[in-house]
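Raw contents of target10.csv, CSV, C-alpha atoms and all ligand atoms:
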chain,number,residue,atom,x,y,z
A,1,MET,CA,-3.7,3.7,-28.9
A,2,ASN,CA,-3.7,0.5,-30.8
A,3,LEU,CA,-5.9,-2.0,-28.8
A,4,GLU,CA,-6.0,-4.5,-31.7
A,5,LYS,CA,-3.4,-6.7,-30.1
A,6,LEU,CA,-5.6,-7.3,-27.1
A,7,ASN,CA,-8.1,-10.2,-26.9
A,8,PRO,CA,-11.7,-9.2,-26.6
A,9,GLU,CA,-11.8,-9.6,-22.8
A,10,GLN,CA,-8.7,-7.5,-22.3
A,11,ARG,CA,-10.0,-4.8,-24.7
A,12,GLU,CA,-13.3,-4.7,-22.8
A,13,ALA,CA,-11.4,-4.3,-19.5
A,14,VAL,CA,-9.2,-1.5,-20.9
A,15,LEU,CA,-12.2,0.4,-22.2
A,16,ALA,CA,-14.3,0.2,-19.1
A,17,THR,CA,-12.5,3.1,-17.4
A,18,GLU,CA,-15.3,4.5,-15.2
A,19,GLY,CA,-16.4,2.9,-12.0
A,20,PRO,CA,-15.0,-0.2,-10.2
A,21,LEU,CA,-13.6,-3.1,-12.1
A,22,LEU,CA,-12.4,-6.3,-10.5
A,23,LEU,CA,-10.6,-8.7,-12.9
A,24,PHE,CA,-9.3,-12.1,-11.9
A,25,ALA,CA,-7.5,-14.3,-14.4
A,26,GLY,CA,-4.8,-17.0,-14.5
A,27,ALA,CA,-1.0,-16.5,-14.2
A,28,GLY,CA,0.5,-15.1,-17.4
A,29,SER,CA,-2.9,-14.5,-19.0
A,30,GLY,CA,-2.2,-10.8,-19.6
A,31,LYS,CA,-3.5,-9.0,-16.4
A,32,THR,CA,-0.7,-6.6,-16.2
A,33,ARG,CA,-1.1,-6.0,-19.9
A,34,VAL,CA,-4.6,-4.8,-19.3
A,35,LEU,CA,-3.4,-2.3,-16.7
A,36,VAL,CA,-0.6,-1.0,-18.9
A,37,HIS,CA,-3.0,-0.5,-21.9
A,38,ARG,CA,-5.6,1.0,-19.6
A,39,ILE,CA,-3.1,3.6,-18.5
A,40,ALA,CA,-2.0,4.3,-22.1
A,41,HIS,CA,-5.6,4.5,-23.3
A,42,LEU,CA,-6.6,6.9,-20.6
A,43,ILE,CA,-3.7,9.2,-21.3
A,44,HIS,CA,-3.5,8.9,-25.1
A,45,ASP,CA,-7.2,8.5,-26.1
A,46,ARG,CA,-9.1,10.0,-23.3
A,47,ARG,CA,-6.7,12.9,-22.7
A,48,VAL,CA,-6.5,12.2,-19.0
A,49,SER,CA,-3.4,13.9,-17.5
A,50,PRO,CA,-0.7,11.4,-16.4
A,51,TRP,CA,-0.8,13.3,-13.1
A,52,ASN,CA,-4.3,11.9,-12.4
A,53,LEU,CA,-3.3,8.3,-12.3
A,54,LEU,CA,-1.9,6.0,-9.7
A,55,ALA,CA,-1.0,2.4,-10.3
A,56,VAL,CA,0.3,0.3,-7.4
A,57,THR,CA,1.8,-3.1,-7.1
A,58,PHE,CA,3.8,-5.1,-4.6
A,59,THR,CA,7.5,-5.3,-5.5
A,60,ASN,CA,10.0,-2.7,-6.8
A,61,LYS,CA,10.7,-5.1,-9.6
A,62,ALA,CA,7.0,-5.3,-10.6
A,63,ALA,CA,6.7,-1.5,-10.4
A,64,GLY,CA,9.8,-1.1,-12.5
A,65,GLU,CA,8.4,-3.5,-15.2
A,66,MET,CA,5.1,-1.7,-15.3
A,67,LYS,CA,6.9,1.7,-15.7
A,68,ASP,CA,8.9,0.2,-18.6
A,69,ARG,CA,5.8,-1.3,-20.3
A,70,VAL,CA,3.9,2.0,-20.0
A,71,GLY,CA,6.9,3.8,-21.3
A,72,ASN,CA,7.0,1.5,-24.4
A,73,LEU,CA,3.5,2.6,-25.2
A,74,LEU,CA,3.6,6.2,-24.3
A,75,GLY,CA,7.2,7.4,-24.3
A,76,ARG,CA,8.1,10.3,-22.1
A,77,ARG,CA,4.5,11.0,-21.1
A,78,ALA,CA,4.8,7.8,-19.0
A,79,ASP,CA,7.3,9.5,-16.7
A,80,ASP,CA,4.6,11.5,-14.9
A,81,VAL,CA,2.4,8.5,-14.1
A,82,TRP,CA,2.6,7.6,-10.4
A,83,ILE,CA,3.5,3.9,-10.6
A,84,SER,CA,4.7,2.6,-7.3
A,85,THR,CA,4.7,-0.1,-4.7
A,86,PHE,CA,2.3,0.3,-1.8
A,87,HIS,CA,5.2,1.0,0.5
A,88,SER,CA,6.8,3.7,-1.6
A,89,ALA,CA,3.5,5.4,-2.1
A,90,GLY,CA,3.1,5.3,1.7
A,91,VAL,CA,6.5,6.9,2.2
A,92,ARG,CA,5.8,9.6,-0.4
A,93,ILE,CA,2.6,10.5,1.3
A,94,LEU,CA,4.1,10.5,4.8
A,95,ARG,CA,7.1,12.6,3.7
A,96,LYS,CA,4.7,15.4,3.0
A,97,HIS,CA,2.3,15.1,5.9
A,98,ALA,CA,4.1,13.2,8.7
A,99,ALA,CA,3.9,16.3,10.9
A,100,ARG,CA,0.1,15.9,11.1
A,101,LEU,CA,0.7,12.6,12.8
A,102,GLY,CA,3.2,14.0,15.2
A,103,TYR,CA,6.3,12.7,13.4
A,104,GLY,CA,9.2,14.9,12.2
A,105,ASP,CA,9.7,15.3,8.4
A,106,ALA,CA,13.0,13.5,8.6
A,107,PHE,CA,11.5,10.3,10.1
A,108,VAL,CA,13.6,7.2,9.6
A,109,ILE,CA,12.4,3.9,8.2
A,110,TYR,CA,13.4,0.8,10.2
A,111,ASP,CA,14.2,-2.3,8.2
A,112,ASP,CA,13.7,-5.8,9.6
A,113,GLY,CA,17.0,-5.8,11.5
A,114,ASP,CA,16.2,-2.5,13.2
A,115,GLN,CA,12.8,-3.7,14.1
A,116,MET,CA,14.1,-6.9,15.6
A,117,SER,CA,16.6,-5.0,17.8
A,118,LEU,CA,13.9,-2.7,19.0
A,119,ILE,CA,11.6,-5.6,19.8
A,120,LYS,CA,14.4,-7.4,21.7
A,121,GLU,CA,15.0,-4.1,23.6
A,122,CYS,CA,11.3,-4.0,24.6
A,123,LEU,CA,11.3,-7.7,25.7
A,124,GLU,CA,14.3,-7.0,27.9
A,125,GLU,CA,12.8,-3.9,29.5
A,126,LEU,CA,9.6,-5.7,30.2
A,127,LYS,CA,11.6,-8.6,31.6
A,128,LEU,CA,10.0,-11.1,29.2
A,129,ASN,CA,12.1,-14.2,28.6
A,130,PRO,CA,13.0,-14.3,24.9
A,131,LYS,CA,13.0,-18.2,25.1
A,132,ILE,CA,9.3,-18.0,25.9
A,133,PHE,CA,8.5,-14.8,24.0
A,134,ASN,CA,10.4,-15.5,20.8
A,135,PRO,CA,11.3,-12.1,19.3
A,136,ARG,CA,10.4,-13.4,15.8
A,137,ALA,CA,7.0,-14.6,16.9
A,138,VAL,CA,6.3,-11.4,18.7
A,139,GLU,CA,7.4,-9.4,15.6
A,140,SER,CA,5.1,-11.4,13.4
A,141,ARG,CA,2.1,-10.8,15.7
A,142,ILE,CA,2.8,-7.1,15.7
A,143,ASP,CA,3.3,-7.0,11.9
A,144,ALA,CA,0.0,-8.9,11.5
A,145,ALA,CA,-1.8,-6.5,13.8
A,146,LYS,CA,-0.5,-3.5,11.8
A,147,ASN,CA,-1.6,-5.1,8.6
A,148,GLU,CA,-5.1,-5.4,10.1
A,149,LEU,CA,-4.9,-1.8,11.3
A,150,ILE,CA,-5.0,-2.9,14.9
A,151,GLU,CA,-3.2,-0.5,17.2
A,152,PRO,CA,-1.7,-1.4,20.6
A,153,GLN,CA,-4.8,-0.4,22.6
A,154,ASP,CA,-7.0,-2.6,20.5
A,155,PHE,CA,-4.7,-5.6,20.4
A,156,PRO,CA,-6.7,-8.7,21.6
A,157,THR,CA,-5.5,-9.9,25.0
A,158,ASP,CA,-7.4,-13.2,24.8
A,159,ASP,CA,-4.6,-15.3,26.3
A,160,PHE,CA,-1.5,-14.9,28.3
A,161,PHE,CA,0.8,-14.8,25.3
A,162,ASN,CA,-1.2,-12.1,23.6
A,163,GLU,CA,-1.5,-10.2,26.8
A,164,GLN,CA,2.3,-9.9,26.9
A,165,VAL,CA,2.6,-9.2,23.1
A,166,ALA,CA,0.2,-6.3,23.7
A,167,ARG,CA,2.5,-4.9,26.3
A,168,VAL,CA,5.5,-5.3,23.9
A,169,TYR,CA,3.5,-3.7,21.1
A,170,GLU,CA,2.6,-0.7,23.2
A,171,LEU,CA,6.2,-0.1,24.3
A,172,TYR,CA,7.5,-0.8,20.8
A,173,ALA,CA,5.1,1.7,19.3
A,174,LYS,CA,6.2,4.3,21.9
A,175,LYS,CA,9.9,3.7,21.2
A,176,LEU,CA,9.3,4.0,17.4
A,177,ARG,CA,7.7,7.4,18.0
A,178,ASP,CA,10.4,8.6,20.4
A,179,ASN,CA,13.0,7.6,17.7
A,180,ASN,CA,11.0,9.4,15.0
A,181,ALA,CA,11.0,6.0,13.2
A,182,MET,CA,8.5,4.0,11.2
A,183,ASP,CA,8.6,0.3,10.4
A,184,PHE,CA,7.3,-1.2,7.2
A,185,GLY,CA,3.9,-1.8,8.6
A,186,ASP,CA,3.6,1.9,9.6
A,187,LEU,CA,4.1,2.8,5.9
A,188,LEU,CA,0.7,1.4,5.3
A,189,LEU,CA,-1.0,2.0,8.6
A,190,LEU,CA,0.0,5.6,9.0
A,191,PRO,CA,-1.3,6.8,5.6
A,192,VAL,CA,-4.6,5.2,6.5
A,193,ARG,CA,-4.7,7.0,9.8
A,194,LEU,CA,-3.6,10.3,8.1
A,195,PHE,CA,-6.5,10.1,5.7
A,196,GLU,CA,-9.0,9.0,8.3
A,197,ARG,CA,-8.1,11.8,10.7
A,198,HIS,CA,-7.3,14.5,8.2
A,199,PRO,CA,-10.1,14.6,5.6
A,200,GLU,CA,-8.6,17.8,4.1
A,201,VAL,CA,-5.4,15.8,3.3
A,202,LEU,CA,-7.4,12.9,1.8
A,203,ARG,CA,-9.3,15.5,-0.3
A,204,LEU,CA,-6.1,16.7,-1.9
A,205,TYR,CA,-5.3,13.1,-3.1
A,206,ARG,CA,-8.8,12.4,-4.2
A,207,GLU,CA,-8.8,15.6,-6.2
A,208,ARG,CA,-5.7,14.6,-7.9
A,209,LEU,CA,-6.1,10.8,-8.4
A,210,HIS,CA,-9.0,10.2,-10.7
A,211,TYR,CA,-8.0,6.7,-11.7
A,212,LEU,CA,-6.5,4.0,-9.5
A,213,MET,CA,-5.2,0.7,-10.4
A,214,VAL,CA,-3.8,-2.2,-8.4
A,215,ASP,CA,-1.9,-5.2,-9.8
A,216,GLU,CA,-1.5,-8.5,-7.9
A,217,TYR,CA,-4.6,-7.6,-5.9
A,218,GLN,CA,-4.8,-11.2,-4.5
A,219,ASP,CA,-1.9,-10.2,-2.3
A,220,THR,CA,-3.4,-7.1,-0.7
A,221,ASN,CA,-3.7,-7.0,3.1
A,222,HIS,CA,-6.4,-5.2,5.0
A,223,ALA,CA,-4.4,-1.9,5.4
A,224,GLN,CA,-3.7,-1.8,1.6
A,225,TYR,CA,-7.3,-2.5,0.8
A,226,ARG,CA,-8.4,0.3,3.1
A,227,LEU,CA,-5.9,2.7,1.7
A,228,VAL,CA,-7.0,2.1,-1.8
A,229,LYS,CA,-10.7,2.4,-0.8
A,230,LEU,CA,-10.1,5.7,0.9
A,231,LEU,CA,-8.3,7.1,-2.1
A,232,ALA,CA,-10.9,5.9,-4.5
A,233,GLY,CA,-13.6,7.9,-2.7
A,234,GLU,CA,-17.0,8.4,-4.3
A,235,ARG,CA,-15.6,8.2,-7.8
A,236,GLN,CA,-14.6,4.5,-7.3
A,237,ASN,CA,-12.6,4.5,-10.5
A,238,LEU,CA,-10.7,1.6,-9.2
A,239,CYS,CA,-9.4,-1.2,-11.4
A,240,VAL,CA,-7.9,-4.2,-9.6
A,241,VAL,CA,-6.5,-7.3,-11.3
A,242,GLY,CA,-5.4,-10.4,-9.5
A,243,ASP,CA,-4.5,-14.0,-10.0
A,244,ASP,CA,-7.3,-16.4,-9.4
A,245,ASP,CA,-5.0,-19.4,-8.9
A,246,GLN,CA,-3.6,-18.1,-5.7
B,1,LIG,N1,-3.5,-10.5,-26.1
B,1,LIG,C1,-2.2,-10.8,-26.1
B,1,LIG,N2,-1.5,-10.8,-27.2
B,1,LIG,C2,-0.1,-11.0,-27.2
B,1,LIG,N3,0.6,-11.2,-26.1
B,1,LIG,C3,0.0,-11.2,-25.0
B,1,LIG,C4,-1.4,-11.0,-24.9
B,1,LIG,N4,-1.8,-11.0,-23.6
B,1,LIG,C5,-0.7,-11.3,-22.9
B,1,LIG,N5,0.4,-11.4,-23.7
B,1,LIG,C6,1.8,-11.6,-23.3
B,1,LIG,O1,1.8,-12.6,-22.3
B,1,LIG,C7,2.8,-12.3,-21.3
B,1,LIG,C8,2.2,-12.2,-19.9
B,1,LIG,O2,1.4,-11.0,-19.9
B,1,LIG,P1,1.2,-10.2,-18.5
B,1,LIG,O3,2.6,-10.0,-17.9
B,1,LIG,O4,0.4,-9.0,-18.8
B,1,LIG,O5,0.4,-11.3,-17.8
B,1,LIG,P2,0.0,-11.4,-16.2
B,1,LIG,O6,-1.4,-12.0,-16.2
B,1,LIG,O7,0.1,-10.0,-15.6
B,1,LIG,O8,1.1,-12.3,-15.7
B,1,LIG,P3,1.4,-12.6,-14.2
B,1,LIG,O9,0.4,-13.6,-13.7
B,1,LIG,O10,2.8,-13.2,-14.3
B,1,LIG,O11,1.4,-11.3,-13.4
B,1,LIG,C9,3.5,-11.0,-21.8
B,1,LIG,O12,4.6,-11.3,-22.5
B,1,LIG,C10,2.4,-10.4,-22.6
B,1,LIG,O13,3.0,-9.5,-23.6
B,2,MG,MG,1.1,-9.4,-13.9
Hey, can you dump this file as structure tokens for me?
Ligand SMILES: Nc1ncnc2c1ncn2[C@@H]1O[C@H](COP(=O)(O)OP(=O)(O)OP(=O)(O)O)[C@@H](O)[C@H]1O
Ligand SMILES: [Mg+2]
Amino acid sequence: MNLEKLNPEQREAVLATEGPLLLFAGAGSGKTRVLVHRIAHLIHDRRVSPWNLLAVTFTNKAAGEMKDRVGNLLGRRADDVWISTFHSAGVRILRKHAARLGYGDAFVIYDDGDQMSLIKECLEELKLNPKIFNPRAVESRIDAAKNELIEPQDFPTDDFFNEQVARVYELYAKKLRDNNAMDFGDLLLLPVRLFERHPEVLRLYRERLHYLMVDEYQDTNHAQYRLVKLLAGERQNLCVVGDDDQ
């Protein structure tokens, strides 16, 4: 792999493949370029199987671009590298193992509209006035809780508002389960729970994924951080790059 076109800092980051690496640099400075070359270097020069890599980012667009850029360097071998958003990686993991968490294999994924309808349904059932308990506000507290890996029973009931949100959250979570449905937050929270509760499943992924990479690391929430940490295991071959201006 030709690394001549990288600057010295980029080259050093590409070659430091073992152990954790945290790289922060400015916008447009070539952070994704480092990840793309690192993937190519591992596969082409170090003979790592594409199967042993996972690179995650945040948007489908960014994942698509990364795939294209790796493809430009590696050709067809790039097809087998798992390059994905956090959410699609979550779906892929859950499609295989949802049964262990009590979901059917054919679980459905609720988009924002479905989620809002369900929250409104819960508010109504609990006789909470939507003028006081604004469904959007309730939704955003529930989303924030899931991103922090806080489940209904652990939701802080420190004031009256949160006390009611906790009730909504509990009912909402029950209804999701009854409907064999997951919301976007579940796509991160449930893989974390899966790996925490089923070490034998986590082991399968750790055995496969020898090198992990995260782009736009500055945007990771707690659930995403935890997921990556679990996958990295003792090997800790984890390279994260982020924007230091944000
Ligand atoms: N050493 C280099 N030599 C030539 N071109 C470079 C070099 N480093 C980066 N570039 C170019 O600069 C542009 C930005 O690179 P890249 O997308 O990797 O940056 P980034 O830091 O990930 O950007 P963003 O902050 O938008 O995510 C790309 O067109 C890339 O090819
Ligand atoms: Mg980038």
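For ligand MG 2 (chain B), the protein and nucleic acid residues at most 9 Å away, judged by all atoms listed in the file, amount to Ala27, Gly28, Ser29, Gly30, Lys31, Thr32, Arg33, Leu35, Ala62, Met66, Asp215, Glu216, Val241, Gly242 and Asp243 of chain A.
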Arg92 of chain A surroundings by all atoms listed in the file, 10 Å radius, close-in-sequence under 6 positions cut, as a ChimeraX atom specification: /A:84,98,187,191
Interatomic distance (Å, one decimal) between atom CA of Arg47 of chain A and atom CA of Thr17 of chain A: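 A separation of 12.6 Å between them.
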Coordinates-based distance that separates atom CA of Arg136 of chain A from atom CA of Tyr110 of chain A (Å, one decimal): 15.6 Å
Residue contacts of Val165 of chain A (9 Å, all atoms listed in the file) excluding same-chain residues fewer than 3 positions away, as a list in words: Phe133, Val138, Glu139, Arg141, Ile142, Phe155, Thr157, Phe160, Phe161, Asn162, Val168, Tyr169 and Glu170 of chain A
Residue nearest Leu194 of chain A among A:Phe86, A:Tyr211, A:Tyr225, A:Tyr103 (counting only C-alpha atoms):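 Going through A:Phe86, A:Tyr211, A:Tyr225, A:Tyr103 one by one, the smallest distance to Leu194 of chain A is for A:Tyr103.
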Between atom CA of Glu18 of chain A and atom CA of Ser49 of chain A - distance in Å to one decimal: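 Spanning atom CA of Ser49 of chain A to atom CA of Glu18 of chain A is a straight-line distance of 15.3 Å.
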Distance criterion (all atoms listed in the file): nearest to Asp80 of chain A out of A:Asn2, A:Asn60, A:Asn52, A:Gln164: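 So, comparing all the options, the nearest one is A:Asn52.
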Counting all atoms listed in the file, the option among A:Pro135, A:Pro8, A:Pro130, A:Pro199 closest to ligand LIG 1 (chain B):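 Looking at the shortest contact to ligand LIG 1 (chain B), the residue is A:Pro8.
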Which of A:Leu3, A:Leu190, A:Ile119, A:Ala13 sits closest to Gln224 of chain A [using only C-alpha atoms]: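 Counting only C-alpha atoms, the residue closest to Gln224 of chain A is A:Leu190.
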Minimum-distance residue to ligand LIG 1 (chain B), chosen among A:Val48, A:Ala78, A:Ala181, A:Ala63 (using all atoms listed in the file):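 Selected residue with least distance to ligand LIG 1 (chain B): A:Ala63.
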Residues near Glu196 of chain A, cut-off 10 Å, all atoms listed in the file, skip fewer than 6 positions along chain, as number ranges by chain: A: 190, 202, 227, 230
Residue among A:Trp82, A:Phe107, A:Tyr217, A:Phe195 lying closest to ligand LIG 1 (chain B), counting all atoms listed in the file: A:Tyr217
Neighbour residues at most 12 Å from (-2.1, 8.3, -23.2) (all atoms listed in the file) as a ChimeraX atom specification: /A:1-2,36-53,70-81
For C-alpha atoms, I'd like the residues from the last selection saved as a compact mmCIF listing (two decimals), in the coordinates of the input.
# COMPACT_ATOMS: atom_id res chain seq x y z
CA MET A 1 -3.70 3.70 -28.90
CA ASN A 2 -3.70 0.50 -30.80
CA VAL A 36 -0.60 -1.00 -18.90
CA HIS A 37 -3.00 -0.50 -21.90
CA ARG A 38 -5.60 1.00 -19.60
CA ILE A 39 -3.10 3.60 -18.50
CA ALA A 40 -2.00 4.30 -22.10
CA HIS A 41 -5.60 4.50 -23.30
CA LEU A 42 -6.60 6.90 -20.60
CA ILE A 43 -3.70 9.20 -21.30
CA HIS A 44 -3.50 8.90 -25.10
CA ASP A 45 -7.20 8.50 -26.10
CA ARG A 46 -9.10 10.00 -23.30
CA ARG A 47 -6.70 12.90 -22.70
CA VAL A 48 -6.50 12.20 -19.00
CA SER A 49 -3.40 13.90 -17.50
CA PRO A 50 -0.70 11.40 -16.40
CA TRP A 51 -0.80 13.30 -13.10
CA ASN A 52 -4.30 11.90 -12.40
CA LEU A 53 -3.30 8.30 -12.30
CA VAL A 70 3.90 2.00 -20.00
CA GLY A 71 6.90 3.80 -21.30
CA ASN A 72 7.00 1.50 -24.40
CA LEU A 73 3.50 2.60 -25.20
CA LEU A 74 3.60 6.20 -24.30
CA GLY A 75 7.20 7.40 -24.30
CA ARG A 76 8.10 10.30 -22.10
CA ARG A 77 4.50 11.00 -21.10
CA ALA A 78 4.80 7.80 -19.00
CA ASP A 79 7.30 9.50 -16.70
CA ASP A 80 4.60 11.50 -14.90
CA VAL A 81 2.40 8.50 -14.10
Residue neighbourhood Ile109 of chain A, 10 Å, all atoms listed in the file, exclusion window fewer than 2 positions, as a PyMOL selection string: chain A and resi 91+106-107+111-112+114-115+176+180-184+186-187
Slice of the block: segment 50-66 of chain A, N, CA, C and O atoms, as a CSV table (one decimal), in the first residue's frame:
chain,number,residue,atom,x,y,z
A,50,PRO,N,-10.3,-9.1,5.7
A,50,PRO,CA,-11.3,-8.0,5.7
A,50,PRO,C,-12.4,-8.3,6.8
A,50,PRO,O,-12.9,-7.4,7.4
A,51,TRP,N,-12.6,-9.6,7.0
A,51,TRP,CA,-13.6,-10.1,7.9
A,51,TRP,C,-13.3,-9.7,9.3
A,51,TRP,O,-14.2,-9.6,10.2
A,52,ASN,N,-12.1,-9.4,9.6
A,52,ASN,CA,-11.7,-9.1,11.0
A,52,ASN,C,-11.8,-7.6,11.4
A,52,ASN,O,-11.3,-7.2,12.5
A,53,LEU,N,-12.3,-6.8,10.5
A,53,LEU,CA,-12.4,-5.3,10.7
A,53,LEU,C,-13.8,-4.8,10.9
A,53,LEU,O,-14.7,-5.3,10.2
A,54,LEU,N,-13.9,-3.8,11.7
A,54,LEU,CA,-15.2,-3.1,11.8
A,54,LEU,C,-14.9,-1.6,11.9
A,54,LEU,O,-14.1,-1.2,12.7
A,55,ALA,N,-15.5,-0.8,10.9
A,55,ALA,CA,-15.3,0.6,11.0
A,55,ALA,C,-16.7,1.2,11.1
A,55,ALA,O,-17.6,0.9,10.3
A,56,VAL,N,-16.9,2.0,12.1
A,56,VAL,CA,-18.3,2.6,12.3
A,56,VAL,C,-18.2,4.2,12.2
A,56,VAL,O,-17.2,4.8,12.6
A,57,THR,N,-19.3,4.7,11.7
A,57,THR,CA,-19.4,6.1,11.7
A,57,THR,C,-20.9,6.5,11.9
A,57,THR,O,-21.7,5.6,12.4
A,58,PHE,N,-21.3,7.7,11.7
A,58,PHE,CA,-22.6,8.1,12.2
A,58,PHE,C,-23.8,8.2,11.1
A,58,PHE,O,-24.9,7.9,11.5
A,59,THR,N,-23.4,8.6,9.9
A,59,THR,CA,-24.5,8.7,9.0
A,59,THR,C,-24.3,7.7,7.8
A,59,THR,O,-23.2,7.2,7.6
A,60,ASN,N,-25.4,7.3,7.2
A,60,ASN,CA,-25.3,6.4,6.0
A,60,ASN,C,-24.4,7.0,5.0
A,60,ASN,O,-23.7,6.3,4.3
A,61,LYS,N,-24.5,8.3,4.8
A,61,LYS,CA,-23.7,9.0,3.8
A,61,LYS,C,-22.2,8.8,4.1
A,61,LYS,O,-21.4,8.4,3.2
A,62,ALA,N,-21.8,9.0,5.4
A,62,ALA,CA,-20.4,8.9,5.8
A,62,ALA,C,-20.0,7.4,5.6
A,62,ALA,O,-18.8,7.2,5.1
A,63,ALA,N,-20.8,6.5,5.9
A,63,ALA,CA,-20.5,5.1,5.8
A,63,ALA,C,-20.3,4.8,4.3
A,63,ALA,O,-19.3,4.1,3.9
A,64,GLY,N,-21.2,5.3,3.5
A,64,GLY,CA,-21.1,5.0,2.0
A,64,GLY,C,-19.8,5.6,1.5
A,64,GLY,O,-19.1,5.0,0.7
A,65,GLU,N,-19.4,6.8,1.9
A,65,GLU,CA,-18.2,7.4,1.4
A,65,GLU,C,-17.0,6.6,1.9
A,65,GLU,O,-16.0,6.5,1.1
A,66,MET,N,-17.0,6.2,3.1
A,66,MET,CA,-15.9,5.4,3.6
A,66,MET,C,-15.7,4.1,2.8
A,66,MET,O,-14.6,3.8,2.4
